[in-house]
Amino acid sequence: MFPRLRSLGQTVLEFFSILGRAGSIWWQAIWRRPQLRNAHLIIREIYKLGVLSVLITVLSGFSIGAVLALQGYNQLVKYGSESALGLGVALVLVMEIGPVVAALLYAGRAGSAVTAEIGLMKATEQLSSMEMIGVDPLQRIIAPRLWAGFISMPILALMFSVVGIWGASLIGVNWLGVHEGDFWSSMQDGVDFVSHVLKGIIKSLVFGIVVIWIAVFQGYDTQPTSEGIANSTTRTVVYSSVSVLVLDFFLTLVMFNF
Amino acid sequence: MQMRTIEIVVGMFMLAGLLSLGVLAIKVSGFNIGTDTNTYSVYARFENAGGLVVRSKVSIAGVVVGNVAEITLDQDTFMALVRMEIASDVNQISTDSTAAILTEGLIGGKLVGLSIGAEDSYLKDGDEIADTQSAIVLEELIGQFLLKQF
């Protein structure tokens with residue numbers, strides 16, 4: 001019995017120390033005088049994390065928008081309310097599906113890439129070599145990725161929503177025959193910038209911080225073996241996805257119900 | 001890849017993000033920045049414009065010919081003053097036509113339906129439709145029904 005209690009205590013303490021290390025990475029990389037001369041590193045990271053994720057985001061956005069239009073139309077046409085299709089699809093995309101699905105795709109693509117890259121750097125001792133020659137790896141490696149992740153996520157979520165709405169309009173108006181004026185005017189009447197679009201953007205900012213933070217930390221904290229890197233990459237995707245979904249519930253509760 | 005190419009591509013990425021934000025702000029949430037030039041305005045006063053909103057449809061014989069541009073309260077008569085924008089090529093609406101607020105479908109939104117009269121003179125920009133029929137308000141209907149009982 002005591003060995004079990006001891007291992008349970010060890011697990012809990014390990015959990016707290018992980019949280020502490022993660023927090024200190026965030027703190028050190030961001031608050032410690034971000035330097036302007038490292039800006040080109042951030043741009044390079046935005047390219048790797050953001051620009052290269054555009055294709056997957058846009059394709060998924062279009063498909064999800066089209067599916068929403070199809071299913072929404074099937075249900076609304078039973079009550080003669082297919083003119084509300086535009087409003088329904090836009091609200092769902094802008095407030096929920098856009099930020100959440102874009103974050104999930106981002107975690108899978110950019111998060112795993114970042115974890116694998118930093119993990120490999122740790123395993124091949126590049127991080128320690130950098131420290132030895134006086135280059136701060138937190139400033140040159142970790143911080144640019146944190147900032148780039150934070151900046152790219154809302155942009156990707158916005159693109160997702162826009163392409164989704166466009167896909168929904170193609171299916172709904174051009175194929176299913178919803179009246180074009182109804183589609184867009186019901187959307188314009190019902191979607192409010194501050195209470196819907198802005199809240200979606202806030203959500204995507206929070207998701208961006210969480211996803212890139214988990215990705216960077218898992219890379220930095222990985223076991224420096226090939227198996228360790230594989231585990232860390234998997235953990236990034238799993239933890240990020242679950243965190244995004246759980247946070248979405250709490251954010252929605254706070255933002256839309258109070 | 002060259003640094004310069006990367007910078008250009010990242011710049012395009014951020015521009016695309018800003019454009020998406022703009023599209024969502026303007027086209028999706030209805031920030032109106034353009035006006036249609038091939039329409040003319042027609043006014044109508046209703047006792048009760050209940051449920052009619054800006055951009056509701058205006059139709060003749062079920063065919064959409066324009067939208068509602070503005071709904072204000074006329075403080076002299078305390079009636080709803082509705083300004084409709086009708087397509088310029090629908091210019092033979094006689095001056096004694098009626099405007100009624102109808103409902104689309106069972107739970108749909110309201111629209112303004114015009115019934116054409118018999119006069120030879122037609123509505124021009126800025127004219128007012130004199131004969132109007134208000135929206136049906138459920139509570140008043142129930143009230144009338146209950147009054148008839150007693």
# chains A, B, ... in the order shown; residues from 1 in each chain; ligands from 1

$ interface_residues --of "chain A" --to "chain B" --cutoff "6 Å" --atoms "only C-alpha atoms" --output "count of residues only"
9

$ closest_residue --among "A:Gly119, A:Pro137, A:Gly190, A:Gly61" --to "Gln28 in chain A" --atoms "only C-alpha atoms"
A:Pro137

$ atom_distance --atom1 "CA of Ile229 in chain A" --atom2 "CA of Gly208 in chain A"
22.1 Å

$ atom_distance --atom1 "CA of Gly167 in chain A" --atom2 "CA of Gly65 in chain A"
5.1 Å

$ residues_around --residues "Gly177 in chain A" --least-positions-apart "6" --cutoff "12 Å" --atoms "only C-alpha atoms" --output "JSON, numbers by chain"
{"A": [69, 70, 73, 77, 82, 83, 85, 168, 169, 170, 171, 183]}

$ residues_around --residues "Ala107 in chain A" --least-positions-apart "2" --cutoff "7 Å" --atoms "only C-alpha atoms" --output "PDB file with N, CA and C atoms, in the first residue's frame"
ATOM      1  N   ALA A 103      -8.106  25.391 -34.725  1.00  0.00           N
ATOM      2  CA  ALA A 103      -7.121  25.103 -33.680  1.00  0.00           C
ATOM      3  C   ALA A 103      -6.737  23.636 -33.683  1.00  0.00           C
ATOM      4  N   LEU A 104      -7.699  22.743 -33.887  1.00  0.00           N
ATOM      5  CA  LEU A 104      -7.390  21.318 -33.918  1.00  0.00           C
ATOM      6  C   LEU A 104      -6.464  20.988 -35.085  1.00  0.00           C
ATOM      7  N   LEU A 105      -6.775  21.548 -36.268  1.00  0.00           N
ATOM      8  CA  LEU A 105      -5.922  21.309 -37.425  1.00  0.00           C
ATOM      9  C   LEU A 105      -4.532  21.892 -37.192  1.00  0.00           C
ATOM     10  N   ARG A 109      -1.007  19.948 -37.282  1.00  0.00           N
ATOM     11  CA  ARG A 109       0.020  20.233 -38.272  1.00  0.00           C
ATOM     12  C   ARG A 109       1.186  21.032 -37.712  1.00  0.00           C
ATOM     13  N   ALA A 110       0.886  22.219 -37.178  1.00  0.00           N
ATOM     14  CA  ALA A 110       1.965  23.088 -36.720  1.00  0.00           C
ATOM     15  C   ALA A 110       2.495  22.655 -35.364  1.00  0.00           C
ATOM     16  N   GLY A 111       1.594  22.252 -34.479  1.00  0.00           N
ATOM     17  CA  GLY A 111       2.024  21.850 -33.147  1.00  0.00           C
ATOM     18  C   GLY A 111       2.966  20.664 -33.182  1.00  0.00           C
ATOM     19  N   SER A 112       2.593  19.646 -33.937  1.00  0.00           N
ATOM     20  CA  SER A 112       3.458  18.470 -33.999  1.00  0.00           C
ATOM     21  C   SER A 112       4.778  18.815 -34.666  1.00  0.00           C
ATOM     22  N   VAL A 211      -2.223  26.007 -27.701  1.00  0.00           N
ATOM     23  CA  VAL A 211      -1.663  24.993 -28.604  1.00  0.00           C
ATOM     24  C   VAL A 211      -0.155  25.158 -28.736  1.00  0.00           C
ATOM     25  N   VAL A 237      -0.234  16.617 -29.800  1.00  0.00           N
ATOM     26  CA  VAL A 237      -1.496  16.632 -30.533  1.00  0.00           C
ATOM     27  C   VAL A 237      -2.652  16.287 -29.611  1.00  0.00           C
ATOM     28  N   SER A 240      -3.164  19.110 -26.840  1.00  0.00           N
ATOM     29  CA  SER A 240      -3.679  20.349 -27.440  1.00  0.00           C
ATOM     30  C   SER A 240      -5.132  20.183 -27.832  1.00  0.00           C
ATOM     31  N   SER A 241      -5.446  19.070 -28.476  1.00  0.00           N
ATOM     32  CA  SER A 241      -6.815  18.877 -28.946  1.00  0.00           C
ATOM     33  C   SER A 241      -7.788  18.870 -27.780  1.00  0.00           C
TER      34      SER A 241
END

$ residues_around --residues "Phe46 in chain B" --least-positions-apart "6" --cutoff "9 Å" --atoms "only C-alpha atoms" --output "tab-separated table (two decimals) with N, CA and C atoms, in the first residue's frame"
chain	number	residue	atom	x	y	z
B	79	MET	N	-46.87	56.84	-36.47
B	79	MET	CA	-46.95	55.64	-37.29
B	79	MET	C	-45.54	55.29	-37.75
B	80	ALA	N	-45.36	54.07	-38.17
B	80	ALA	CA	-44.05	53.64	-38.63
B	80	ALA	C	-43.87	54.12	-40.06
B	81	LEU	N	-42.80	54.88	-40.31
B	81	LEU	CA	-42.52	55.36	-41.66
B	81	LEU	C	-41.47	54.44	-42.26
B	82	VAL	N	-41.85	53.73	-43.30
B	82	VAL	CA	-40.97	52.76	-43.91
B	82	VAL	C	-40.53	53.28	-45.27
B	99	ALA	N	-49.89	48.74	-49.79
B	99	ALA	CA	-48.73	48.06	-49.22
B	99	ALA	C	-49.20	47.34	-47.97
B	100	ALA	N	-48.91	46.04	-47.90
B	100	ALA	CA	-49.31	45.26	-46.73
B	100	ALA	C	-48.10	44.51	-46.19
B	101	ILE	N	-48.07	44.33	-44.87
B	101	ILE	CA	-46.96	43.58	-44.27
B	101	ILE	C	-47.40	42.14	-44.14
B	132	THR	N	-52.31	51.55	-46.73
B	132	THR	CA	-51.43	50.52	-46.16
B	132	THR	C	-52.19	49.62	-45.21
B	133	GLN	N	-51.65	48.43	-45.05
B	133	GLN	CA	-52.25	47.45	-44.15
B	133	GLN	C	-51.17	47.00	-43.20
B	134	SER	N	-51.45	47.10	-41.90
B	134	SER	CA	-50.37	46.81	-40.95
B	134	SER	C	-50.11	45.33	-40.79
B	135	ALA	N	-49.05	45.05	-40.03
B	135	ALA	CA	-48.74	43.66	-39.71
B	135	ALA	C	-49.82	43.12	-38.79

$ closest_residue --among "A:Val114, A:Ala22, A:Met95, A:Ser63" --to "Leu198 in chain A" --atoms "only C-alpha atoms"
A:Met95

$ residues_around --residues "Lys199 in chain A" --least-positions-apart "3" --cutoff "9 Å" --atoms "only C-alpha atoms" --output "MDAnalysis selection string"
chainID A and resid 94:95 193:196 202:204 252 255:256

$ closest_residue --among "B:Arg45, B:Gln2, B:Ala61, B:Asp125" --to "Thr77 in chain B" --atoms "only C-alpha atoms"
B:Arg45

$ closest_residue --among "A:Pro224, A:Trp31, A:Tyr79, A:Ile212" --to "Val244 in chain A" --atoms "only C-alpha atoms"
A:Ile212

$ residues_around --residues "Ser60 in chain A" --least-positions-apart "2" --cutoff "12 Å" --atoms "only C-alpha atoms" --output "ChimeraX atom specification"
/A:53-58,62-67,97-98,101-106,156-157,159-165,167

$ write_last_selection --atoms "C-alpha atoms" --output "tab-separated table (two decimals), in the first residue's frame"
chain	number	residue	atom	x	y	z
A	53	SER	CA	-1.09	25.59	-42.63
A	54	VAL	CA	-3.22	27.72	-44.93
A	55	LEU	CA	-3.89	24.92	-47.40
A	56	ILE	CA	-5.23	22.47	-44.84
A	57	THR	CA	-7.25	25.19	-43.13
A	58	VAL	CA	-8.83	26.45	-46.33
A	62	PHE	CA	-14.63	24.90	-47.44
A	63	SER	CA	-15.72	21.32	-46.81
A	64	ILE	CA	-17.18	22.04	-43.40
A	65	GLY	CA	-19.04	25.07	-44.71
A	66	ALA	CA	-20.49	23.00	-47.52
A	67	VAL	CA	-21.54	20.21	-45.16
A	97	ILE	CA	-16.46	25.66	-35.62
A	98	GLY	CA	-14.03	28.23	-37.02
A	101	VAL	CA	-11.54	23.19	-35.86
A	102	ALA	CA	-8.84	25.57	-37.05
A	103	ALA	CA	-7.12	25.10	-33.68
A	104	LEU	CA	-7.39	21.32	-33.92
A	105	LEU	CA	-5.92	21.31	-37.43
A	106	TYR	CA	-3.25	23.73	-36.28
A	156	LEU	CA	-6.08	30.90	-39.71
A	157	ALA	CA	-9.35	30.79	-37.77
A	159	MET	CA	-9.68	32.36	-42.97
A	160	PHE	CA	-11.43	29.15	-41.97
A	161	SER	CA	-14.65	31.00	-41.18
A	162	VAL	CA	-14.58	33.09	-44.34
A	163	VAL	CA	-13.90	30.15	-46.65
A	164	GLY	CA	-16.52	28.13	-44.78
A	165	ILE	CA	-19.15	30.80	-45.33
A	167	GLY	CA	-18.43	27.23	-49.33

$ atom_distance --atom1 "CA of Thr225 in chain A" --atom2 "CA of Gln126 in chain A"
13.8 Å
